[in-house]
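*Asks:* Structure: data.pdb, PDB, C-alpha atoms.
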```pdb
ATOM      1  CA  GLU F   1     134.863 -25.621 -24.411
ATOM      2  CA  ASN F   2     136.210 -23.507 -27.273
ATOM      3  CA  LEU F   3     139.893 -23.913 -26.477
ATOM      4  CA  GLU F   4     141.497 -25.896 -29.302
ATOM      5  CA  GLU F   5     144.936 -27.341 -29.864
ATOM      6  CA  ASN F   6     146.770 -25.612 -32.699
ATOM      7  CA  PRO F   7     149.137 -27.556 -35.031
ATOM      8  CA  HIS F   8     151.886 -27.253 -32.384
ATOM      9  CA  GLY F   9     149.681 -28.808 -29.695
ATOM     10  CA  VAL F  10     149.217 -25.474 -27.886
ATOM     11  CA  TRP F  11     145.766 -24.665 -26.509
ATOM     12  CA  VAL F  12     144.315 -21.472 -28.010
ATOM     13  CA  TRP F  13     141.058 -19.753 -28.830
ATOM     14  CA  ASN F  14     140.989 -19.708 -32.611
ATOM     15  CA  HIS F  15     139.433 -16.970 -34.701
ATOM     16  CA  HIS F  16     137.451 -18.771 -37.384
ATOM     17  CA  PHE F  17     137.403 -15.922 -39.903
ATOM     18  CA  ASP F  18     139.990 -14.328 -42.178
ATOM     19  CA  TRP F  19     141.351 -10.946 -41.112
ATOM     20  CA  GLU F  20     143.406  -8.424 -43.071
ATOM     21  CA  TYR F  21     146.317  -7.067 -41.065
ATOM     22  CA  ARG F  22     149.226  -6.107 -43.317
ATOM     23  CA  GLU F  23     148.702  -9.561 -44.798
ATOM     24  CA  LEU F  24     145.721 -11.886 -44.764
ATOM     25  CA  LEU F  25     145.425 -13.861 -41.553
ATOM     26  CA  LYS F  26     143.763 -17.058 -42.702
ATOM     27  CA  ALA F  27     141.356 -18.827 -40.364
ATOM     28  CA  PRO F  28     141.997 -20.303 -37.936
ATOM     29  CA  TRP F  29     144.347 -17.809 -36.265
ATOM     30  CA  TYR F  30     144.943 -16.964 -32.622
ATOM     31  CA  SER F  31     145.963 -13.963 -30.578
ATOM     32  CA  ALA F  32     147.608 -13.006 -27.292
ATOM     33  CA  LEU F  33     144.793 -10.504 -26.805
ATOM     34  CA  ALA F  34     142.219 -13.299 -26.828
ATOM     35  CA  GLN F  35     144.396 -15.529 -24.651
ATOM     36  CA  GLY F  36     144.810 -12.764 -22.073
ATOM     37  CA  GLN F  37     141.179 -11.721 -21.988
ATOM     38  CA  GLY F  38     140.102 -15.355 -21.834
ATOM     39  CA  LEU F  39     142.452 -15.828 -18.889
ATOM     40  CA  SER F  40     140.830 -12.925 -17.051
ATOM     41  CA  VAL F  41     137.365 -14.423 -17.603
ATOM     42  CA  LEU F  42     138.416 -17.921 -16.503
ATOM     43  CA  VAL F  43     140.103 -16.590 -13.359
ATOM     44  CA  ARG F  44     136.894 -14.818 -12.360
ATOM     45  CA  ALA F  45     134.782 -17.860 -13.224
ATOM     46  CA  TYR F  46     136.965 -20.033 -11.012
ATOM     47  CA  LEU F  47     136.958 -17.581  -8.103
ATOM     48  CA  HIS F  48     133.167 -17.329  -8.339
ATOM     49  CA  THR F  49     132.385 -21.039  -8.693
ATOM     50  CA  LYS F  50     135.496 -22.867  -7.384
ATOM     51  CA  ASP F  51     134.943 -25.243 -10.314
ATOM     52  CA  GLU F  52     138.313 -26.732 -11.255
ATOM     53  CA  LYS F  53     137.390 -26.891 -14.945
ATOM     54  CA  TYR F  54     137.948 -23.125 -15.115
ATOM     55  CA  ALA F  55     141.312 -23.354 -13.389
ATOM     56  CA  ASP F  56     142.359 -26.167 -15.736
ATOM     57  CA  ALA F  57     141.322 -24.165 -18.792
ATOM     58  CA  ALA F  58     143.134 -21.100 -17.446
ATOM     59  CA  LYS F  59     146.328 -23.152 -17.114
ATOM     60  CA  LYS F  60     146.051 -24.211 -20.767
ATOM     61  CA  ALA F  61     145.502 -20.620 -21.898
ATOM     62  CA  PHE F  62     148.364 -19.364 -19.729
ATOM     63  CA  ASP F  63     150.766 -21.930 -21.182
ATOM     64  CA  SER F  64     150.321 -20.410 -24.648
ATOM     65  CA  CYS F  65     151.681 -17.125 -23.301
ATOM     66  CA  CYS F  66     154.900 -18.840 -22.212
ATOM     67  CA  ILE F  67     155.589 -20.384 -25.621
ATOM     68  CA  GLU F  68     157.387 -18.549 -28.431
ATOM     69  CA  LEU F  69     155.581 -17.724 -31.691
ATOM     70  CA  ALA F  70     157.727 -20.177 -33.643
ATOM     71  CA  ASP F  71     156.565 -22.988 -31.372
ATOM     72  CA  GLY F  72     152.859 -22.177 -31.560
ATOM     73  CA  GLY F  73     152.533 -19.724 -28.679
ATOM     74  CA  VAL F  74     151.867 -15.985 -28.525
ATOM     75  CA  LYS F  75     155.133 -14.893 -26.874
ATOM     76  CA  PHE F  76     158.001 -13.252 -28.710
ATOM     77  CA  THR F  77     161.426 -12.504 -27.249
ATOM     78  CA  ASP F  78     163.276  -9.898 -29.305
ATOM     79  CA  LYS F  79     167.021  -9.553 -29.861
ATOM     80  CA  SER F  80     167.317  -7.254 -26.850
ATOM     81  CA  GLY F  81     165.686  -9.842 -24.586
ATOM     82  CA  TYR F  82     162.366  -8.008 -24.283
ATOM     83  CA  VAL F  83     159.307 -10.246 -23.972
ATOM     84  CA  TRP F  84     156.223  -9.330 -26.011
ATOM     85  CA  LEU F  85     152.763 -10.884 -26.167
ATOM     86  CA  GLU F  86     151.617 -10.598 -29.772
ATOM     87  CA  GLU F  87     148.061  -9.754 -30.766
ATOM     88  CA  VAL F  88     148.670 -11.123 -34.264
ATOM     89  CA  VAL F  89     151.159 -13.793 -35.253
ATOM     90  CA  LEU F  90     153.114 -12.275 -38.134
ATOM     91  CA  GLU F  91     156.697 -12.038 -39.302
ATOM     92  CA  PRO F  92     158.097  -9.624 -38.363
ATOM     93  CA  PRO F  93     156.104  -9.282 -35.113
ATOM     94  CA  THR F  94     153.988  -6.141 -34.865
ATOM     95  CA  HIS F  95     154.041  -5.406 -31.098
ATOM     96  CA  ILE F  96     150.490  -3.968 -31.067
ATOM     97  CA  LEU F  97     150.327  -1.826 -27.937
ATOM     98  CA  ASN F  98     146.704  -2.227 -26.854
ATOM     99  CA  GLY F  99     146.735  -5.995 -27.428
ATOM    100  CA  PHE F 100     149.947  -6.325 -25.428
ATOM    101  CA  MET F 101     148.395  -4.575 -22.431
ATOM    102  CA  TRP F 102     145.161  -6.597 -22.642
ATOM    103  CA  ALA F 103     147.230  -9.789 -22.639
ATOM    104  CA  LEU F 104     149.387  -8.505 -19.794
ATOM    105  CA  TRP F 105     146.323  -8.035 -17.585
ATOM    106  CA  GLY F 106     145.363 -11.668 -18.124
ATOM    107  CA  ILE F 107     148.808 -12.755 -16.943
ATOM    108  CA  HIS F 108     148.443 -10.465 -13.932
ATOM    109  CA  ASP F 109     145.074 -11.988 -13.021
ATOM    110  CA  TYR F 110     146.398 -15.529 -13.385
ATOM    111  CA  ALA F 111     149.435 -14.773 -11.228
ATOM    112  CA  LEU F 112     147.207 -13.339  -8.504
ATOM    113  CA  MET F 113     144.870 -16.346  -8.575
ATOM    114  CA  THR F 114     147.509 -19.054  -8.579
ATOM    115  CA  GLY F 115     150.592 -17.548  -6.973
ATOM    116  CA  ASP F 116     152.445 -19.247  -9.849
ATOM    117  CA  GLY F 117     156.020 -17.977  -9.890
ATOM    118  CA  SER F 118     156.318 -18.447 -13.645
ATOM    119  CA  ALA F 119     153.232 -16.254 -14.184
ATOM    120  CA  GLN F 120     154.666 -13.537 -11.962
ATOM    121  CA  ALA F 121     158.003 -13.788 -13.778
ATOM    122  CA  LEU F 122     156.288 -13.426 -17.158
ATOM    123  CA  TYR F 123     154.296 -10.454 -15.862
ATOM    124  CA  ASP F 124     157.485  -8.810 -14.577
ATOM    125  CA  ASP F 125     159.260  -9.443 -17.888
ATOM    126  CA  CYS F 126     156.394  -7.860 -19.808
ATOM    127  CA  LEU F 127     156.316  -4.878 -17.449
ATOM    128  CA  ARG F 128     159.989  -4.322 -18.197
ATOM    129  CA  THR F 129     159.215  -4.462 -21.910
ATOM    130  CA  LEU F 130     156.424  -1.907 -21.550
ATOM    131  CA  ARG F 131     158.439   0.473 -19.367
ATOM    132  CA  ASP F 132     161.523   0.395 -21.560
ATOM    133  CA  ASN F 133     159.741   0.569 -24.918
ATOM    134  CA  LEU F 134     156.742   2.839 -24.332
ATOM    135  CA  ARG F 135     158.705   5.861 -25.549
ATOM    136  CA  GLN F 136     158.903   4.184 -28.966
ATOM    137  CA  PHE F 137     155.115   4.450 -29.221
ATOM    138  CA  ASP F 138     155.230   8.235 -28.738
ATOM    139  CA  ALA F 139     155.272   9.976 -32.140
ATOM    140  CA  GLY F 140     155.561  13.453 -30.628
ATOM    141  CA  ILE F 141     152.033  14.401 -31.710
ATOM    142  CA  TRP F 142     150.137  11.114 -31.190
ATOM    143  CA  SER F 143     150.584   7.522 -30.054
ATOM    144  CA  LEU F 144     151.554   4.719 -32.405
ATOM    145  CA  TYR F 145     149.417   1.611 -32.758
ATOM    146  CA  GLU F 146     152.280  -0.834 -33.209
ATOM    147  CA  GLN F 147     156.025  -1.282 -33.695
ATOM    148  CA  SER F 148     156.575  -3.432 -36.774
ATOM    149  CA  GLY F 149     159.431  -1.531 -38.387
ATOM    150  CA  THR F 150     157.511  -0.099 -41.352
ATOM    151  CA  LEU F 151     159.126   2.925 -43.013
ATOM    152  CA  ILE F 152     156.010   4.943 -42.165
ATOM    153  CA  PRO F 153     155.007   4.056 -38.576
ATOM    154  CA  MET F 154     151.366   3.151 -37.983
ATOM    155  CA  VAL F 155     149.772   5.932 -35.970
ATOM    156  CA  ALA F 156     146.804   5.005 -33.777
ATOM    157  CA  SER F 157     143.280   5.959 -34.765
ATOM    158  CA  PRO F 158     141.502   8.423 -32.416
ATOM    159  CA  PHE F 159     139.699   5.449 -30.839
ATOM    160  CA  TYR F 160     142.893   3.530 -30.120
ATOM    161  CA  HIS F 161     144.727   6.644 -28.977
ATOM    162  CA  SER F 162     141.979   7.157 -26.374
ATOM    163  CA  LEU F 163     142.160   3.471 -25.457
ATOM    164  CA  HIS F 164     145.929   3.737 -24.936
ATOM    165  CA  ILE F 165     145.342   6.576 -22.475
ATOM    166  CA  VAL F 166     142.809   4.557 -20.475
ATOM    167  CA  GLN F 167     145.074   1.486 -20.489
ATOM    168  CA  LEU F 168     148.024   3.511 -19.227
ATOM    169  CA  LEU F 169     145.902   4.876 -16.384
ATOM    170  CA  VAL F 170     145.023   1.278 -15.495
ATOM    171  CA  MET F 171     148.736   0.394 -15.573
ATOM    172  CA  HIS F 172     149.345   3.266 -13.173
ATOM    173  CA  ARG F 173     146.704   1.877 -10.800
ATOM    174  CA  LEU F 174     148.121  -1.655 -11.048
ATOM    175  CA  THR F 175     151.765  -0.721 -10.541
ATOM    176  CA  GLY F 176     151.681   2.590  -8.680
ATOM    177  CA  GLU F 177     154.341   3.851 -11.102
ATOM    178  CA  SER F 178     153.859   7.514 -12.027
ATOM    179  CA  PHE F 179     155.591   6.828 -15.339
ATOM    180  CA  TYR F 180     152.352   5.471 -16.820
ATOM    181  CA  ALA F 181     150.238   8.393 -15.598
ATOM    182  CA  GLU F 182     152.753  10.819 -17.083
ATOM    183  CA  TYR F 183     152.460   9.204 -20.504
ATOM    184  CA  ALA F 184     148.668   9.117 -20.225
ATOM    185  CA  ASP F 185     148.669  12.832 -19.430
ATOM    186  CA  ARG F 186     150.997  13.610 -22.329
ATOM    187  CA  TRP F 187     148.878  11.635 -24.788
ATOM    188  CA  GLU F 188     145.734  13.287 -23.446
ATOM    189  CA  ARG F 189     147.299  16.658 -24.254
ATOM    190  CA  TYR F 190     148.004  15.409 -27.777
ATOM    191  CA  ALA F 191     144.323  14.486 -28.123
ATOM    192  CA  GLU F 192     143.235  17.957 -27.008
ATOM    193  CA  ASN F 193     145.455  19.658 -29.596
ATOM    194  CA  LYS F 194     143.366  20.287 -32.732
ATOM    195  CA  LEU F 195     146.413  20.545 -34.988
ATOM    196  CA  TYR F 196     147.785  17.243 -33.695
ATOM    197  CA  ARG F 197     144.437  15.568 -34.296
ATOM    198  CA  VAL F 198     144.399  16.727 -37.917
ATOM    199  CA  LEU F 199     148.035  15.758 -38.478
ATOM    200  CA  SER F 200     147.444  12.302 -37.007
ATOM    201  CA  LEU F 201     144.503  11.701 -39.359
ATOM    202  CA  ILE F 202     146.575  12.766 -42.377
ATOM    203  CA  TRP F 203     149.390  10.490 -41.177
ATOM    204  CA  LYS F 204     146.925   7.615 -40.801
ATOM    205  CA  ALA F 205     145.587   8.168 -44.332
ATOM    206  CA  ILE F 206     149.080   8.157 -45.838
ATOM    207  CA  PHE F 207     149.935   4.968 -43.961
ATOM    208  CA  LYS F 208     146.848   3.210 -45.332
ATOM    209  CA  ILE F 209     147.645   4.262 -48.882
ATOM    210  CA  PHE F 210     151.071   2.637 -48.688
ATOM    211  CA  TYR F 211     150.324  -0.438 -46.565
ATOM    212  CA  TYR F 212     146.680  -1.297 -47.192
TER     213      TYR F 212
END
```
Translate this structure into structure tokens?

*Replies:*
Amino acid sequence: ENLEENPHGVWVWNHHFDWEYRELLKAPWYSALAQGQGLSVLVRAYLHTKDEKYADAAKKAFDSCCIELADGGVKFTDKSGYVWLEEVVLEPPTHILNGFMWALWGIHDYALMTGDGSAQALYDDCLRTLRDNLRQFDAGIWSLYEQSGTLIPMVASPFYHSLHIVQLLVMHRLTGESFYAEYADRWERYAENKLYRVLSLIWKAIFKIFYY
């Protein structure tokens, strides 16, 4: 009932509050994270009830993930052909890691429910993006929150660093690829290193001084 058409005619869940992220996101704004998590809920609602209204709503939410940012969707294809699902719609895109993985799981759930080839293709494209670009989120002492091209990269907070580790372990379970478990283990070792924890907090403070 809360899906709304945005000015481009794309069905989204709008956030009806302003939010500061590098610039002020004025209400209403929408997010791939919300679209993906909403997809996961609707898929489960449909499987539990067999009520077609949930499947219909899931189709609307999924469509937004196939449409580029410029056309009112939450998908961004970069110059290298990598497909991202963007937690916040900004220029330039921010490629927030946790939001990308949340959204990716919604696509995965929808593909499993429907057998839709386009959903599986989008999931595969996003997996390629994650595999090929995850190294860019490794700062050598900590994980990065995003990839927006700022001179000082945005390091993750301790909370989001821990979340990244859990998400990568989930990706390992979903795909069976040891690559994700290896990164999770590496980032867990960063978290256990007291010096790295201190350095990451100093880094985070410097970033906020310059960008917030």

*Asks:* Name the closest residue to His15 (chain F) among the candidates F:Asp56, F:Asp78, F:Glu87, F:Glu68; distances are taken between atoms, counting only C-alpha atoms.

*Replies:* F:Glu87

*Asks:* To one decimal place in Å, what is the distance between CA of Met101 (chain F) and CA of Gln167 (chain F)?

*Replies:*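 It comes out at 7.2 Å.
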
*Asks:* State, in Å with one decimal place, the distance from CA of Ile67 (chain F) to CA of Val10 (chain F).

*Replies:* 8.5 Å

*Asks:* I want to know what sits within 10 Å of Phe62 (chain F), based on only C-alpha atoms, with residues of the same chain fewer than 4 positions away left out; could you give that as a tab-separated table (two decimals) with C-alpha atoms, in the frame of the given file?

*Replies:*
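The result, stored in result_28.tsv:
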```tsv
chain	number	residue	atom	x	y	z
F	11	TRP	CA	145.77	-24.66	-26.51
F	12	VAL	CA	144.32	-21.47	-28.01
F	32	ALA	CA	147.61	-13.01	-27.29
F	35	GLN	CA	144.40	-15.53	-24.65
F	36	GLY	CA	144.81	-12.76	-22.07
F	38	GLY	CA	140.10	-15.36	-21.83
F	39	LEU	CA	142.45	-15.83	-18.89
F	56	ASP	CA	142.36	-26.17	-15.74
F	57	ALA	CA	141.32	-24.16	-18.79
F	58	ALA	CA	143.13	-21.10	-17.45
F	66	CYS	CA	154.90	-18.84	-22.21
F	67	ILE	CA	155.59	-20.38	-25.62
F	73	GLY	CA	152.53	-19.72	-28.68
F	106	GLY	CA	145.36	-11.67	-18.12
F	107	ILE	CA	148.81	-12.76	-16.94
F	110	TYR	CA	146.40	-15.53	-13.38
F	111	ALA	CA	149.44	-14.77	-11.23
F	119	ALA	CA	153.23	-16.25	-14.18
```

*Asks:* What is the CA of Ile206 (chain F)-CA of Tyr190 (chain F) distance in Å, reported with one decimal?

*Replies:*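 Interatomic distance here is 19.5 Å.
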
*Asks:* Let me make sure I understand: among F:Tyr180, F:Met171, F:Glu4, F:Arg22, which one has the smallest atom-to-atom distance to Phe210 (chain F) if we use only C-alpha atoms?

*Replies:*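 With only C-alpha atoms as the atom set, the closest residue is F:Arg22.
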
*Asks:* Starting from 6 Å padding per side, set up an axis-aligned box that covers all listed atoms of region 92-108 of chain F and hand over centre and edge lengths in Å, one decimal, as JSON.

*Replies:*
```
{"center_x": 151.6, "center_y": -7.3, "center_z": -26.1, "size_x": 24.9, "size_y": 22.9, "size_z": 36.4}
```

*Asks:* Within 9 Å of region 160-163 of chain F, counting only C-alpha atoms, which residues qualify if same-chain residues fewer than 4 places away don't, as a ChimeraX atom specification?

*Replies:* /F:98,142-145,155-156,167-168,187-188,191

*Asks:* Find, counting all atoms listed in the file, the residue in F:Ala70, F:Ala121, F:Ala205, F:Leu42 that gets nearest to Leu104 (chain F).

*Replies:* F:Ala121

*Asks:* Ranking F:Pro93, F:Pro158, F:Ser178, F:Ala61 by minimum distance to Ser40 (chain F) and counting all atoms listed in the file, which one comes first?

*Replies:*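 Of F:Pro93, F:Pro158, F:Ser178, F:Ala61, the one nearest Ser40 (chain F) is F:Ala61, counting all atoms listed in the file.
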
*Asks:* As a check of understanding, name the residues that the PyMOL selection byres ((chain F and resi 16) around 8) selects in the supplied structure, as a list of chain:residue names.

*Replies:* F:Asn14, F:His15, F:Phe17, F:Asp18, F:Ala27, F:Pro28, F:Trp29

*Asks:* For a quick check of understanding, using only C-alpha atoms, which of F:His164, F:His48, F:Arg197, F:Lys79 has the smallest distance to Ile141 (chain F)?

*Replies:* F:Arg197

*Asks:* Of the candidates F:Lys60, F:Leu33, F:Ile202, F:Leu24, which one gets nearest to Glu1 (chain F) if we count all atoms listed in the file?

*Replies:* F:Lys60

*Asks:* Kindly resolve the PyMOL selection byres ((chain F and resi 125-131) around 8) on the present coordinates and return the residues as a PDB file with C-alpha atoms, in the coordinates of the input.

*Replies:*
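Output contents, as saved in part01.pdb:
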```
ATOM      1  CA  TYR F  82     162.366  -8.008 -24.283  1.00  0.00           C
ATOM      2  CA  VAL F  83     159.307 -10.246 -23.972  1.00  0.00           C
ATOM      3  CA  TRP F  84     156.223  -9.330 -26.011  1.00  0.00           C
ATOM      4  CA  LEU F  85     152.763 -10.884 -26.167  1.00  0.00           C
ATOM      5  CA  LEU F 104     149.387  -8.505 -19.794  1.00  0.00           C
ATOM      6  CA  ALA F 121     158.003 -13.788 -13.778  1.00  0.00           C
ATOM      7  CA  LEU F 122     156.288 -13.426 -17.158  1.00  0.00           C
ATOM      8  CA  TYR F 123     154.296 -10.454 -15.862  1.00  0.00           C
ATOM      9  CA  ASP F 124     157.485  -8.810 -14.577  1.00  0.00           C
ATOM     10  CA  ASP F 132     161.523   0.395 -21.560  1.00  0.00           C
ATOM     11  CA  ASN F 133     159.741   0.569 -24.918  1.00  0.00           C
ATOM     12  CA  LEU F 134     156.742   2.839 -24.332  1.00  0.00           C
TER      13      LEU F 134
END
```

*Asks:* Excluding Phe207 (chain F) and its own-chain neighbours fewer than 2 positions away, which residues fall within 10 Å of it when counting only C-alpha atoms? Please give them as a list of chain:residue names.

*Replies:*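 Near neighbours after the sequence-gap exclusion: F:Thr150, F:Leu151, F:Ile152, F:Pro153, F:Met154, F:Val155, F:Leu201, F:Ile202, F:Trp203, F:Lys204, F:Ala205, F:Ile209, F:Phe210, F:Tyr211, F:Tyr212.
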
*Asks:* What would the file look like if the residues just selected were written as a compact mmCIF listing (two decimals), in the coordinates of the input with C-alpha atoms?

*Replies:*
```txt
# COMPACT_ATOMS: atom_id res chain seq x y z
CA THR F 150 157.51 -0.10 -41.35
CA LEU F 151 159.13 2.92 -43.01
CA ILE F 152 156.01 4.94 -42.16
CA PRO F 153 155.01 4.06 -38.58
CA MET F 154 151.37 3.15 -37.98
CA VAL F 155 149.77 5.93 -35.97
CA LEU F 201 144.50 11.70 -39.36
CA ILE F 202 146.57 12.77 -42.38
CA TRP F 203 149.39 10.49 -41.18
CA LYS F 204 146.93 7.62 -40.80
CA ALA F 205 145.59 8.17 -44.33
CA ILE F 209 147.65 4.26 -48.88
CA PHE F 210 151.07 2.64 -48.69
CA TYR F 211 150.32 -0.44 -46.56
CA TYR F 212 146.68 -1.30 -47.19
```

*Asks:* Go ahead and find all residues with at least one atom no further than 10 Å from (157.7, -5.0, -35.2) in the file's coordinates, using all atoms listed in the file; report them as number ranges by chain.

*Replies:* F: 78, 86, 90-96, 146-150

*Asks:* Could you save the residues just selected, with C-alpha atoms, as a PDB file, in the coordinates of the input?

*Replies:*
```pdb
ATOM      1  CA  ASP F  78     163.276  -9.898 -29.305  1.00  0.00           C
ATOM      2  CA  GLU F  86     151.617 -10.598 -29.772  1.00  0.00           C
ATOM      3  CA  LEU F  90     153.114 -12.275 -38.134  1.00  0.00           C
ATOM      4  CA  GLU F  91     156.697 -12.038 -39.302  1.00  0.00           C
ATOM      5  CA  PRO F  92     158.097  -9.624 -38.363  1.00  0.00           C
ATOM      6  CA  PRO F  93     156.104  -9.282 -35.113  1.00  0.00           C
ATOM      7  CA  THR F  94     153.988  -6.141 -34.865  1.00  0.00           C
ATOM      8  CA  HIS F  95     154.041  -5.406 -31.098  1.00  0.00           C
ATOM      9  CA  ILE F  96     150.490  -3.968 -31.067  1.00  0.00           C
ATOM     10  CA  GLU F 146     152.280  -0.834 -33.209  1.00  0.00           C
ATOM     11  CA  GLN F 147     156.025  -1.282 -33.695  1.00  0.00           C
ATOM     12  CA  SER F 148     156.575  -3.432 -36.774  1.00  0.00           C
ATOM     13  CA  GLY F 149     159.431  -1.531 -38.387  1.00  0.00           C
ATOM     14  CA  THR F 150     157.511  -0.099 -41.352  1.00  0.00           C
TER      15      THR F 150
END
```
